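Structure file data30.cif with mmCIF, C-alpha atoms:
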data_work
loop_
_atom_site.label_atom_id
_atom_site.label_comp_id
_atom_site.auth_asym_id
_atom_site.auth_seq_id
_atom_site.Cartn_x
_atom_site.Cartn_y
_atom_site.Cartn_z
CA MET X 30 8.23 21.40 -9.52
CA SER X 31 7.84 17.98 -11.06
CA LYS X 32 5.66 16.87 -13.94
CA ILE X 33 3.97 13.72 -12.67
CA ALA X 34 1.73 11.28 -14.55
CA PHE X 35 -0.42 8.71 -12.78
CA ILE X 36 -1.22 5.85 -15.12
CA GLY X 37 -4.34 4.48 -13.44
CA GLY X 38 -6.59 6.36 -11.05
CA GLY X 39 -7.56 3.72 -8.50
CA ASN X 40 -7.35 3.68 -4.71
CA MET X 41 -3.57 3.59 -4.43
CA SER X 42 -3.12 6.36 -6.97
CA SER X 43 -5.62 8.41 -4.97
CA CYS X 44 -3.62 7.76 -1.78
CA VAL X 45 -0.34 8.91 -3.32
CA PHE X 46 -1.95 11.87 -5.08
CA ASN X 47 -3.59 13.08 -1.87
CA GLY X 48 -0.31 12.72 0.02
CA ILE X 49 1.49 14.81 -2.59
CA LYS X 50 -1.16 17.51 -2.47
CA LYS X 51 -1.06 17.48 1.34
CA THR X 52 2.65 18.18 1.60
CA ARG X 53 3.48 19.92 -1.69
CA GLY X 54 0.24 21.75 -2.49
CA ASP X 55 0.12 22.95 -6.08
CA LEU X 56 3.87 22.71 -6.59
CA ASP X 57 3.66 19.90 -9.15
CA GLU X 58 2.00 19.57 -12.53
CA ILE X 59 -0.02 16.36 -12.31
CA VAL X 60 -1.97 14.42 -14.92
CA VAL X 61 -4.02 11.28 -14.20
CA SER X 62 -5.09 8.85 -16.91
CA GLY X 63 -7.68 6.11 -16.78
CA PRO X 64 -10.30 4.45 -18.98
CA HIS X 65 -13.30 6.24 -17.41
CA LEU X 66 -13.03 10.02 -17.24
CA GLU X 67 -15.92 10.38 -14.80
CA LYS X 68 -14.08 8.24 -12.24
CA LEU X 69 -11.14 10.65 -12.38
CA GLN X 70 -13.16 13.77 -11.65
CA HIS X 71 -12.05 13.96 -8.02
CA PHE X 72 -8.46 14.36 -9.24
CA ALA X 73 -9.55 17.24 -11.48
CA ASP X 74 -11.40 18.81 -8.55
CA ASP X 75 -8.05 18.93 -6.73
CA GLY X 76 -6.18 20.54 -9.61
CA ALA X 77 -4.97 17.65 -11.77
CA LYS X 78 -5.42 17.28 -15.48
CA ILE X 79 -7.33 14.11 -16.37
CA THR X 80 -7.33 12.10 -19.57
CA THR X 81 -8.17 8.69 -21.00
CA ASN X 82 -4.95 8.75 -23.04
CA ASN X 83 -2.14 6.92 -21.23
CA VAL X 84 0.39 7.81 -23.93
CA GLU X 85 -0.36 11.52 -23.73
CA ALA X 86 -0.04 11.46 -19.95
CA ALA X 87 3.26 9.59 -19.94
CA GLN X 88 4.87 11.60 -22.74
CA SER X 89 4.34 14.90 -20.96
CA SER X 90 5.75 13.73 -17.63
CA GLU X 91 9.08 13.48 -15.84
CA VAL X 92 7.78 11.00 -13.24
CA VAL X 93 5.50 8.14 -14.31
CA VAL X 94 3.58 6.52 -11.45
CA LEU X 95 2.25 3.10 -12.47
CA GLY X 96 -1.01 2.64 -10.59
CA VAL X 97 -2.59 -0.23 -12.51
CA LYS X 98 -3.03 -3.80 -11.30
CA PRO X 99 -0.11 -6.15 -12.01
CA GLN X 100 -2.27 -8.26 -14.33
CA MET X 101 -2.80 -5.17 -16.51
CA LEU X 102 0.68 -3.63 -16.32
CA THR X 103 2.29 -5.61 -19.13
CA GLY X 104 -0.36 -4.42 -21.59
CA VAL X 105 -0.10 -0.81 -20.39
CA LEU X 106 3.69 -0.72 -20.70
CA GLU X 107 3.56 -2.37 -24.12
CA GLU X 108 1.05 0.30 -25.18
CA LEU X 109 3.30 3.11 -23.96
CA SER X 110 6.51 1.72 -25.45
CA GLY X 111 4.78 0.79 -28.69
CA ALA X 112 3.54 4.38 -29.04
CA GLY X 113 7.09 5.68 -28.75
CA VAL X 114 7.17 6.89 -25.16
CA ASP X 115 10.86 7.29 -24.28
CA PHE X 116 11.41 6.29 -20.67
CA LYS X 117 15.15 7.02 -20.58
CA ASN X 118 14.69 10.47 -19.05
CA LYS X 119 11.74 9.53 -16.86
CA LEU X 120 11.61 8.21 -13.31
CA ILE X 121 9.30 5.20 -13.15
CA VAL X 122 7.48 4.61 -9.86
CA SER X 123 5.57 1.32 -9.72
CA MET X 124 2.95 0.22 -7.17
CA ALA X 125 2.29 -3.17 -8.81
CA ALA X 126 2.71 -6.12 -6.45
CA GLY X 127 4.98 -8.86 -7.74
CA PHE X 128 6.01 -6.92 -10.86
CA THR X 129 9.80 -6.75 -10.66
CA CYS X 130 12.14 -4.01 -11.82
CA LYS X 131 13.61 -6.53 -14.28
CA SER X 132 10.19 -6.98 -15.90
CA ILE X 133 9.61 -3.23 -16.09
CA THR X 134 13.05 -2.76 -17.68
CA ARG X 135 12.27 -5.46 -20.25
CA LEU X 136 9.12 -3.59 -21.28
CA THR X 137 10.42 0.00 -21.13
CA GLY X 138 14.17 -0.18 -21.68
CA SER X 139 14.69 1.89 -18.52
CA GLU X 140 16.41 0.92 -15.28
CA ARG X 141 15.51 4.14 -13.46
CA ILE X 142 12.80 2.45 -11.43
CA ILE X 143 11.47 2.82 -7.90
CA ARG X 144 8.98 0.35 -6.46
CA ILE X 145 6.64 1.47 -3.70
CA MET X 146 3.98 -0.35 -1.70
CA PRO X 147 1.56 1.95 0.16
CA ASN X 148 -1.47 0.70 2.09
CA THR X 149 -4.97 2.14 2.33
CA PRO X 150 -4.46 3.95 5.70
CA SER X 151 -2.14 6.16 3.65
CA LYS X 152 -5.33 8.05 2.78
CA LEU X 153 -5.30 9.37 6.34
CA GLY X 154 -1.56 9.97 6.47
CA LEU X 155 -1.28 6.89 8.71
CA GLY X 156 0.07 4.45 6.17
CA VAL X 157 3.03 2.13 5.92
CA ILE X 158 4.84 2.66 2.63
CA GLY X 159 7.61 0.37 1.47
CA ILE X 160 10.12 1.72 -1.03
CA SER X 161 12.86 -0.04 -2.99
CA TYR X 162 15.30 1.46 -5.50
CA ASN X 163 16.67 -0.14 -8.61
CA THR X 164 20.46 0.13 -8.93
CA SER X 165 20.29 2.94 -11.54
CA VAL X 166 18.25 5.28 -9.32
CA GLN X 167 20.23 8.37 -8.34
CA GLU X 168 20.22 10.18 -4.99
CA ASP X 169 18.10 13.06 -6.29
CA ASP X 170 15.48 10.55 -7.48
CA LYS X 171 15.45 8.97 -4.01
CA THR X 172 15.08 12.39 -2.38
CA LEU X 173 12.19 13.30 -4.69
CA ALA X 174 10.41 9.99 -4.06
CA GLN X 175 10.76 10.38 -0.30
CA ASP X 176 9.34 13.90 -0.51
CA LEU X 177 6.40 12.78 -2.65
CA LEU X 178 5.54 10.01 -0.18
CA LYS X 179 6.09 11.65 3.19
CA GLY X 180 2.49 12.83 3.49
CA LEU X 181 1.24 9.24 3.41
CA GLY X 182 2.73 8.02 6.69
CA THR X 183 5.82 6.00 7.61
CA VAL X 184 8.14 5.32 4.67
CA ILE X 185 10.31 2.21 5.10
CA GLU X 186 13.29 1.68 2.80
CA CYS X 187 13.82 -1.91 1.68
CA ALA X 188 17.21 -3.36 0.85
CA ASP X 189 15.78 -5.29 -2.08
CA GLU X 190 12.55 -6.19 -3.86
CA GLU X 191 11.83 -9.10 -1.53
CA GLY X 192 11.50 -6.48 1.21
CA ILE X 193 8.79 -4.82 -0.87
CA ASN X 194 7.05 -8.19 -1.09
CA VAL X 195 7.09 -8.54 2.69
CA ILE X 196 5.74 -5.02 3.24
CA GLY X 197 3.10 -5.72 0.61
CA CYS X 198 1.84 -8.52 2.87
CA LEU X 199 2.51 -7.14 6.36
CA GLY X 200 1.58 -3.57 5.47
CA GLY X 201 -0.59 -3.75 2.37
CA SER X 202 -2.72 -6.84 2.98
CA THR X 203 -2.84 -6.75 6.77
CA PRO X 204 -5.51 -4.01 7.00
CA ALA X 205 -7.91 -6.50 5.36
CA PHE X 206 -6.95 -9.14 7.92
CA LEU X 207 -7.49 -6.68 10.76
CA TYR X 208 -10.82 -5.57 9.32
CA ARG X 209 -11.96 -9.18 9.30
CA PHE X 210 -10.91 -9.57 12.94
CA LEU X 211 -12.81 -6.40 13.84
CA GLU X 212 -15.85 -7.59 11.87
CA ALA X 213 -15.86 -10.81 13.88
CA LEU X 214 -15.68 -8.91 17.20
CA ILE X 215 -18.51 -6.60 16.15
CA ALA X 216 -20.60 -9.63 15.19
CA GLU X 217 -19.99 -11.06 18.67
CA GLY X 218 -21.21 -7.81 20.21
CA VAL X 219 -24.38 -7.90 18.14
CA LYS X 220 -24.95 -11.56 18.99
CA ARG X 221 -24.78 -10.60 22.67
CA GLY X 222 -27.34 -7.81 22.56
CA PHE X 223 -25.66 -4.65 21.28
CA THR X 224 -26.85 -2.78 18.23
CA GLU X 225 -24.61 -2.84 15.17
CA GLU X 226 -23.73 0.83 15.73
CA ALA X 227 -22.95 0.40 19.42
CA ALA X 228 -20.85 -2.71 18.82
CA ARG X 229 -18.90 -0.99 16.04
CA ASN X 230 -18.27 2.12 18.15
CA MET X 231 -17.00 -0.04 21.00
CA ILE X 232 -14.66 -2.13 18.85
CA GLU X 233 -13.35 0.88 16.91
CA GLN X 234 -12.46 2.63 20.15
CA MET X 235 -10.86 -0.57 21.49
CA ALA X 236 -8.70 -0.87 18.37
CA GLU X 237 -7.67 2.79 18.41
CA GLY X 238 -6.89 2.71 22.13
CA THR X 239 -4.92 -0.53 21.86
CA ALA X 240 -2.81 0.82 18.98
CA ALA X 241 -2.18 3.99 20.98
CA MET X 242 -1.05 1.92 23.97
CA CYS X 243 1.46 0.12 21.74
CA LYS X 244 2.87 3.38 20.40
CA ALA X 245 3.00 5.03 23.83
CA ASN X 246 4.87 2.13 25.48
CA HIS X 247 7.90 1.31 23.35
CA ASP X 248 9.86 0.63 26.53
CA VAL X 249 8.02 -2.69 26.89
CA THR X 250 7.22 -5.51 24.47
CA ILE X 251 3.79 -6.14 23.00
CA GLY X 252 3.80 -9.39 24.97
CA GLN X 253 4.26 -7.45 28.21
CA LEU X 254 1.33 -5.22 27.32
CA ARG X 255 -0.76 -8.32 26.71
CA GLU X 256 0.32 -9.79 30.05
CA ALA X 257 -0.72 -6.56 31.81
CA VAL X 258 -4.31 -7.19 30.65
CA THR X 259 -4.23 -10.86 31.65
CA SER X 260 -5.01 -11.76 35.25
CA LYS X 261 -4.27 -15.25 36.53
CA GLY X 262 -7.44 -17.30 36.44
CA GLY X 263 -9.34 -14.42 34.82
CA THR X 264 -11.58 -14.05 31.81
CA THR X 265 -8.88 -12.77 29.45
CA LEU X 266 -6.66 -15.76 30.16
CA GLU X 267 -9.47 -18.14 29.23
CA GLY X 268 -9.92 -16.36 25.92
CA LEU X 269 -6.18 -16.47 25.21
CA LYS X 270 -6.17 -20.20 25.95
CA LYS X 271 -8.74 -20.65 23.19
CA MET X 272 -6.52 -18.68 20.79
CA THR X 273 -3.68 -21.07 21.64
CA GLU X 274 -5.96 -24.08 21.29
CA TYR X 275 -6.97 -22.95 17.82
CA LYS X 276 -3.29 -22.30 16.92
CA PHE X 277 -3.68 -18.58 16.37
CA GLU X 278 0.01 -17.88 15.62
CA GLU X 279 0.16 -20.77 13.16
CA MET X 280 -2.90 -19.39 11.38
CA ILE X 281 -1.33 -15.92 11.11
CA SER X 282 1.87 -17.45 9.72
CA ALA X 283 -0.16 -19.36 7.13
CA VAL X 284 -2.13 -16.23 6.19
CA VAL X 285 1.05 -14.20 5.59
CA GLN X 286 2.68 -17.07 3.69
CA ALA X 287 -0.35 -17.36 1.41
CA SER X 288 -0.03 -13.67 0.54
CA MET X 289 3.70 -14.05 -0.07
CA ASP X 290 3.10 -17.10 -2.26
CA ARG X 291 0.69 -15.14 -4.42
CA THR X 292 3.22 -12.32 -4.75
CA HIS X 293 5.86 -14.79 -5.92
CA GLU X 294 3.34 -16.23 -8.39
CA PHE X 295 2.98 -12.74 -9.86
CA GLU X 296 6.78 -12.48 -10.16
CA ARG X 297 6.88 -15.71 -12.18
CA MET X 298 3.93 -14.62 -14.33
CA PHE X 299 5.39 -11.27 -15.33
#
Would you give me this structure, written as C-alpha cells?
Amino acid sequence: MSKIAFIGGGNMSSCVFNGIKKTRGDLDEIVVSGPHLEKLQHFADDGAKITTNNVEAAQSSEVVVLGVKPQMLTGVLEELSGAGVDFKNKLIVSMAAGFTCKSITRLTGSERIIRIMPNTPSKLGLGVIGISYNTSVQEDDKTLAQDLLKGLGTVIECADEEGINVIGCLGGSTPAFLYRFLEALIAEGVKRGFTEEAARNMIEQMAEGTAAMCKANHDVTIGQLREAVTSKGGTTLEGLKKMTEYKFEEMISAVVQASMDRTHEFERMF
C-alpha cells in the first residue's frame, strides 16, 4: 500500500488516478486536493479523500503527484515548502511540461523526482506515457512508478528529460493534432452530403481500422501500408500528390517543432 497525494485534480490527474484504481483497486490510500471541492467529487466517488488543502494532502503522503499546470507549479511548491512540508522522504512525481527536475529540487530540496508525461487516451488504457527518473531515484521507486502507471497504456522510459519533452509533443500534444485532422475530414463529409453523425461514424471507423492495420502489420513499414492503398493513376494517388504539393511533412515538422519550442520556453521560465 502507498499513501498517494494528487496535488491538482484535472484531466491528467484523473487519468493517472483511474489507471491506479484499474490495476491496484483499493490497495492505496489516495487523497486529491484542488481549489474547488465540487470538481473533485468524482475522485471521492471512487474512494479517494478530497480536500482543498494542498499542505494537508502532501504532508500525509509518501508519493506526491504534481498535477497542476507548469505556470502554477512554482507557487504550489513554494506554498508546500513554506508550510513546512518535508519532501526528503517523499517520492515526487511531476506531470508538468517543461518543469525540470532541477527546478523542482530548487523549490523542494528533494532530488527524489520522477517526471511523467501521460496523454488523454490514457483514460481508456490506450495512452502513451513517458517516464524519466532523476539520478537519486532508487529501483524500488522506479518499480512503484511503473506499477502505478501500467493501467494507463504503454509506458516508455526516457534516458533524460529531453526525451520527456519529445514524448510530451509526439504523445501528449499529437491527439489534438489528430483530432483536428479528423475534424477536417468530417467537415468534408458533411460538405459532400453526409449528416454530421454519419460523417463522424465513418471517419471514426476509418481511424480505428487504420490504427489496427498498423498494429497488425509490424512486418511492413507504414509507407508500405500506404502504398498498398495507392493504385497507379488512381484517386488516392491524386490526393497524396496534393499533400506533397502543400508540403505535408514540412508542416508536421513545423507543428512538432513549435510544441518543442514552447516546452523549452517553459524550461527557461521555471
Checklist entry - Once the PyMOL selection byres ((chain X and resi 30-41) around 9) has been applied to the shown file, what residues remain in the selection, as a ChimeraX atom specification? => result /X:42-46,55-64,68-69,72,83,86-98,105,124,146-149,151-152
Put those residues in a file: C-alpha atoms, as a PDB file, in the frame of the given file.
ATOM      1  CA  SER X  42      -3.120   6.360  -6.970  1.00  0.00           C
ATOM      2  CA  SER X  43      -5.620   8.410  -4.970  1.00  0.00           C
ATOM      3  CA  CYS X  44      -3.620   7.760  -1.780  1.00  0.00           C
ATOM      4  CA  VAL X  45      -0.340   8.910  -3.320  1.00  0.00           C
ATOM      5  CA  PHE X  46      -1.950  11.870  -5.080  1.00  0.00           C
ATOM      6  CA  ASP X  55       0.120  22.950  -6.080  1.00  0.00           C
ATOM      7  CA  LEU X  56       3.870  22.710  -6.590  1.00  0.00           C
ATOM      8  CA  ASP X  57       3.660  19.900  -9.150  1.00  0.00           C
ATOM      9  CA  GLU X  58       2.000  19.570 -12.530  1.00  0.00           C
ATOM     10  CA  ILE X  59      -0.020  16.360 -12.310  1.00  0.00           C
ATOM     11  CA  VAL X  60      -1.970  14.420 -14.920  1.00  0.00           C
ATOM     12  CA  VAL X  61      -4.020  11.280 -14.200  1.00  0.00           C
ATOM     13  CA  SER X  62      -5.090   8.850 -16.910  1.00  0.00           C
ATOM     14  CA  GLY X  63      -7.680   6.110 -16.780  1.00  0.00           C
ATOM     15  CA  PRO X  64     -10.300   4.450 -18.980  1.00  0.00           C
ATOM     16  CA  LYS X  68     -14.080   8.240 -12.240  1.00  0.00           C
ATOM     17  CA  LEU X  69     -11.140  10.650 -12.380  1.00  0.00           C
ATOM     18  CA  PHE X  72      -8.460  14.360  -9.240  1.00  0.00           C
ATOM     19  CA  ASN X  83      -2.140   6.920 -21.230  1.00  0.00           C
ATOM     20  CA  ALA X  86      -0.040  11.460 -19.950  1.00  0.00           C
ATOM     21  CA  ALA X  87       3.260   9.590 -19.940  1.00  0.00           C
ATOM     22  CA  GLN X  88       4.870  11.600 -22.740  1.00  0.00           C
ATOM     23  CA  SER X  89       4.340  14.900 -20.960  1.00  0.00           C
ATOM     24  CA  SER X  90       5.750  13.730 -17.630  1.00  0.00           C
ATOM     25  CA  GLU X  91       9.080  13.480 -15.840  1.00  0.00           C
ATOM     26  CA  VAL X  92       7.780  11.000 -13.240  1.00  0.00           C
ATOM     27  CA  VAL X  93       5.500   8.140 -14.310  1.00  0.00           C
ATOM     28  CA  VAL X  94       3.580   6.520 -11.450  1.00  0.00           C
ATOM     29  CA  LEU X  95       2.250   3.100 -12.470  1.00  0.00           C
ATOM     30  CA  GLY X  96      -1.010   2.640 -10.590  1.00  0.00           C
ATOM     31  CA  VAL X  97      -2.590  -0.230 -12.510  1.00  0.00           C
ATOM     32  CA  LYS X  98      -3.030  -3.800 -11.300  1.00  0.00           C
ATOM     33  CA  VAL X 105      -0.100  -0.810 -20.390  1.00  0.00           C
ATOM     34  CA  MET X 124       2.950   0.220  -7.170  1.00  0.00           C
ATOM     35  CA  MET X 146       3.980  -0.350  -1.700  1.00  0.00           C
ATOM     36  CA  PRO X 147       1.560   1.950   0.160  1.00  0.00           C
ATOM     37  CA  ASN X 148      -1.470   0.700   2.090  1.00  0.00           C
ATOM     38  CA  THR X 149      -4.970   2.140   2.330  1.00  0.00           C
ATOM     39  CA  SER X 151      -2.140   6.160   3.650  1.00  0.00           C
ATOM     40  CA  LYS X 152      -5.330   8.050   2.780  1.00  0.00           C
TER      41      LYS X 152
END
Checklist entry - From the set X:Ile196, X:Met289, X:Ser110, X:Ser165, which residue has the shortest atom-to-atom contact distance to Thr183 (chain X), counting only C-alpha atoms? => result X:Ile196
Next on the checklist: As an exercise, work out the distance from CA of Asn230 (chain X) to CA of Phe210 (chain X) in Å and give it to one decimal place.
Outcome noted: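 Rounded to one decimal, the two atoms are 14.8 Å apart.
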Checklist entry - Written as a list in words, what is the full residue list that the PyMOL selection byres ((chain X and resi 284-287) around 9) yields on the file shown? => result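 This file, filtered by the PyMOL selection byres ((chain X and resi 284-287) around 9), leaves Val195, Cys198, Leu199, Ser202, Thr203, Phe206, Glu279, Met280, Ile281, Ser282, Ala283, Ser288, Met289, Asp290, Arg291 and Thr292 of chain X.
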Item to check | Picked residues, the PyMOL selection byres ((chain X and resi 172-178) around 8), expected as a VMD selection string | outcome: chain X and resid 45 48 to 49 52 to 53 158 168 to 171 179 to 182 184
Using the structure just given, write a file holding C-alpha atoms for region 104-216 of chain X, as a PDB file, in the first residue's frame.
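Produced file part_0.pdb, reproduced below:
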ATOM      1  CA  GLY X 104       3.509  28.856  -6.446  1.00  0.00           C
ATOM      2  CA  VAL X 105       2.207  25.454  -5.314  1.00  0.00           C
ATOM      3  CA  LEU X 106       5.663  24.163  -4.383  1.00  0.00           C
ATOM      4  CA  GLU X 107       6.510  27.403  -2.598  1.00  0.00           C
ATOM      5  CA  GLU X 108       3.268  27.038  -0.639  1.00  0.00           C
ATOM      6  CA  LEU X 109       4.094  23.471   0.363  1.00  0.00           C
ATOM      7  CA  SER X 110       7.711  24.144   1.296  1.00  0.00           C
ATOM      8  CA  GLY X 111       6.800  27.356   3.086  1.00  0.00           C
ATOM      9  CA  ALA X 112       4.279  25.448   5.208  1.00  0.00           C
ATOM     10  CA  GLY X 113       6.980  23.022   6.308  1.00  0.00           C
ATOM     11  CA  VAL X 114       6.236  20.018   4.122  1.00  0.00           C
ATOM     12  CA  ASP X 115       9.364  17.833   4.258  1.00  0.00           C
ATOM     13  CA  PHE X 116       9.925  16.229   0.874  1.00  0.00           C
ATOM     14  CA  LYS X 117      13.045  14.265   1.844  1.00  0.00           C
ATOM     15  CA  ASN X 118      11.116  11.060   2.499  1.00  0.00           C
ATOM     16  CA  LYS X 119       8.592  11.548  -0.285  1.00  0.00           C
ATOM     17  CA  LEU X 120       8.668  10.461  -3.920  1.00  0.00           C
ATOM     18  CA  ILE X 121       7.738  13.387  -6.143  1.00  0.00           C
ATOM     19  CA  VAL X 122       6.004  12.557  -9.435  1.00  0.00           C
ATOM     20  CA  SER X 123       5.546  15.547 -11.736  1.00  0.00           C
ATOM     21  CA  MET X 124       3.359  15.820 -14.849  1.00  0.00           C
ATOM     22  CA  ALA X 125       4.247  19.467 -15.576  1.00  0.00           C
ATOM     23  CA  ALA X 126       5.583  20.046 -19.091  1.00  0.00           C
ATOM     24  CA  GLY X 127       8.864  21.931 -19.235  1.00  0.00           C
ATOM     25  CA  PHE X 128       9.324  21.979 -15.446  1.00  0.00           C
ATOM     26  CA  THR X 129      12.703  20.333 -14.885  1.00  0.00           C
ATOM     27  CA  CYS X 130      13.859  18.176 -12.001  1.00  0.00           C
ATOM     28  CA  LYS X 131      16.428  20.885 -11.216  1.00  0.00           C
ATOM     29  CA  SER X 132      13.629  23.425 -10.739  1.00  0.00           C
ATOM     30  CA  ILE X 133      11.637  21.059  -8.536  1.00  0.00           C
ATOM     31  CA  THR X 134      14.734  20.375  -6.424  1.00  0.00           C
ATOM     32  CA  ARG X 135      15.331  24.116  -6.024  1.00  0.00           C
ATOM     33  CA  LEU X 136      11.811  24.544  -4.650  1.00  0.00           C
ATOM     34  CA  THR X 137      11.562  21.393  -2.508  1.00  0.00           C
ATOM     35  CA  GLY X 138      15.116  20.452  -1.552  1.00  0.00           C
ATOM     36  CA  SER X 139      14.467  16.914  -2.821  1.00  0.00           C
ATOM     37  CA  GLU X 140      16.122  15.072  -5.697  1.00  0.00           C
ATOM     38  CA  ARG X 141      13.855  12.018  -5.471  1.00  0.00           C
ATOM     39  CA  ILE X 142      11.863  13.058  -8.517  1.00  0.00           C
ATOM     40  CA  ILE X 143      10.173  11.211 -11.366  1.00  0.00           C
ATOM     41  CA  ARG X 144       8.742  13.064 -14.346  1.00  0.00           C
ATOM     42  CA  ILE X 145       5.911  11.512 -16.312  1.00  0.00           C
ATOM     43  CA  MET X 146       4.016  12.632 -19.400  1.00  0.00           C
ATOM     44  CA  PRO X 147       0.717  10.793 -19.988  1.00  0.00           C
ATOM     45  CA  ASN X 148      -1.736  11.686 -22.755  1.00  0.00           C
ATOM     46  CA  THR X 149      -5.519  11.808 -22.709  1.00  0.00           C
ATOM     47  CA  PRO X 150      -6.085   8.340 -24.300  1.00  0.00           C
ATOM     48  CA  SER X 151      -4.649   7.090 -21.010  1.00  0.00           C
ATOM     49  CA  LYS X 152      -8.238   7.435 -19.759  1.00  0.00           C
ATOM     50  CA  LEU X 153      -9.059   4.378 -21.864  1.00  0.00           C
ATOM     51  CA  GLY X 154      -5.895   2.481 -21.001  1.00  0.00           C
ATOM     52  CA  LEU X 155      -4.630   3.273 -24.511  1.00  0.00           C
ATOM     53  CA  GLY X 156      -2.194   6.019 -23.640  1.00  0.00           C
ATOM     54  CA  VAL X 157       1.454   6.730 -24.273  1.00  0.00           C
ATOM     55  CA  ILE X 158       3.203   7.604 -21.026  1.00  0.00           C
ATOM     56  CA  GLY X 159       6.751   8.907 -20.938  1.00  0.00           C
ATOM     57  CA  ILE X 160       8.737   8.471 -17.740  1.00  0.00           C
ATOM     58  CA  SER X 161      12.116   9.868 -16.712  1.00  0.00           C
ATOM     59  CA  TYR X 162      13.989   9.353 -13.432  1.00  0.00           C
ATOM     60  CA  ASN X 163      16.165  11.821 -11.618  1.00  0.00           C
ATOM     61  CA  THR X 164      19.545  10.407 -10.577  1.00  0.00           C
ATOM     62  CA  SER X 165      18.522   9.984  -6.909  1.00  0.00           C
ATOM     63  CA  VAL X 166      15.529   7.757  -7.696  1.00  0.00           C
ATOM     64  CA  GLN X 167      16.010   4.216  -6.394  1.00  0.00           C
ATOM     65  CA  GLU X 168      14.974   0.961  -8.055  1.00  0.00           C
ATOM     66  CA  ASP X 169      12.020   0.441  -5.716  1.00  0.00           C
ATOM     67  CA  ASP X 170      10.738   3.914  -6.630  1.00  0.00           C
ATOM     68  CA  LYS X 171      11.005   3.024 -10.320  1.00  0.00           C
ATOM     69  CA  THR X 172       9.160  -0.252  -9.746  1.00  0.00           C
ATOM     70  CA  LEU X 173       6.379   1.520  -7.850  1.00  0.00           C
ATOM     71  CA  ALA X 174       6.009   4.191 -10.534  1.00  0.00           C
ATOM     72  CA  GLN X 175       5.820   1.576 -13.285  1.00  0.00           C
ATOM     73  CA  ASP X 176       3.153  -0.301 -11.341  1.00  0.00           C
ATOM     74  CA  LEU X 177       1.109   2.854 -10.742  1.00  0.00           C
ATOM     75  CA  LEU X 178       1.188   3.716 -14.451  1.00  0.00           C
ATOM     76  CA  LYS X 179       0.728   0.349 -16.136  1.00  0.00           C
ATOM     77  CA  GLY X 180      -3.058   0.672 -16.302  1.00  0.00           C
ATOM     78  CA  LEU X 181      -2.764   3.756 -18.493  1.00  0.00           C
ATOM     79  CA  GLY X 182      -1.223   2.161 -21.584  1.00  0.00           C
ATOM     80  CA  THR X 183       2.313   1.916 -22.962  1.00  0.00           C
ATOM     81  CA  VAL X 184       4.975   3.273 -20.608  1.00  0.00           C
ATOM     82  CA  ILE X 185       8.151   4.452 -22.360  1.00  0.00           C
ATOM     83  CA  GLU X 186      11.290   5.076 -20.318  1.00  0.00           C
ATOM     84  CA  CYS X 187      13.309   8.115 -21.384  1.00  0.00           C
ATOM     85  CA  ALA X 188      17.055   8.386 -20.975  1.00  0.00           C
ATOM     86  CA  ASP X 189      16.784  12.030 -19.961  1.00  0.00           C
ATOM     87  CA  GLU X 190      14.358  14.920 -19.577  1.00  0.00           C
ATOM     88  CA  GLU X 191      14.640  15.907 -23.233  1.00  0.00           C
ATOM     89  CA  GLY X 192      13.038  12.541 -24.000  1.00  0.00           C
ATOM     90  CA  ILE X 193      10.103  13.575 -21.825  1.00  0.00           C
ATOM     91  CA  ASN X 194       9.869  16.779 -23.862  1.00  0.00           C
ATOM     92  CA  VAL X 195       9.691  14.793 -27.086  1.00  0.00           C
ATOM     93  CA  ILE X 196       7.013  12.442 -25.748  1.00  0.00           C
ATOM     94  CA  GLY X 197       5.121  15.469 -24.477  1.00  0.00           C
ATOM     95  CA  CYS X 198       4.877  16.625 -28.092  1.00  0.00           C
ATOM     96  CA  LEU X 199       4.609  13.336 -30.007  1.00  0.00           C
ATOM     97  CA  GLY X 200       2.429  11.637 -27.405  1.00  0.00           C
ATOM     98  CA  GLY X 201       0.808  14.397 -25.373  1.00  0.00           C
ATOM     99  CA  SER X 202       0.029  17.054 -27.984  1.00  0.00           C
ATOM    100  CA  THR X 203      -0.468  14.806 -31.004  1.00  0.00           C
ATOM    101  CA  PRO X 204      -4.016  13.692 -30.067  1.00  0.00           C
ATOM    102  CA  ALA X 205      -5.065  17.334 -30.559  1.00  0.00           C
ATOM    103  CA  PHE X 206      -3.379  17.375 -33.972  1.00  0.00           C
ATOM    104  CA  LEU X 207      -5.110  14.143 -34.943  1.00  0.00           C
ATOM    105  CA  TYR X 208      -8.461  15.428 -33.696  1.00  0.00           C
ATOM    106  CA  ARG X 209      -8.063  18.458 -35.931  1.00  0.00           C
ATOM    107  CA  PHE X 210      -7.293  16.211 -38.910  1.00  0.00           C
ATOM    108  CA  LEU X 211     -10.373  14.109 -38.135  1.00  0.00           C
ATOM    109  CA  GLU X 212     -12.489  17.254 -37.734  1.00  0.00           C
ATOM    110  CA  ALA X 213     -11.408  18.387 -41.194  1.00  0.00           C
ATOM    111  CA  LEU X 214     -12.302  15.015 -42.748  1.00  0.00           C
ATOM    112  CA  ILE X 215     -15.714  15.014 -41.055  1.00  0.00           C
ATOM    113  CA  ALA X 216     -16.326  18.538 -42.362  1.00  0.00           C
TER     114      ALA X 216
END
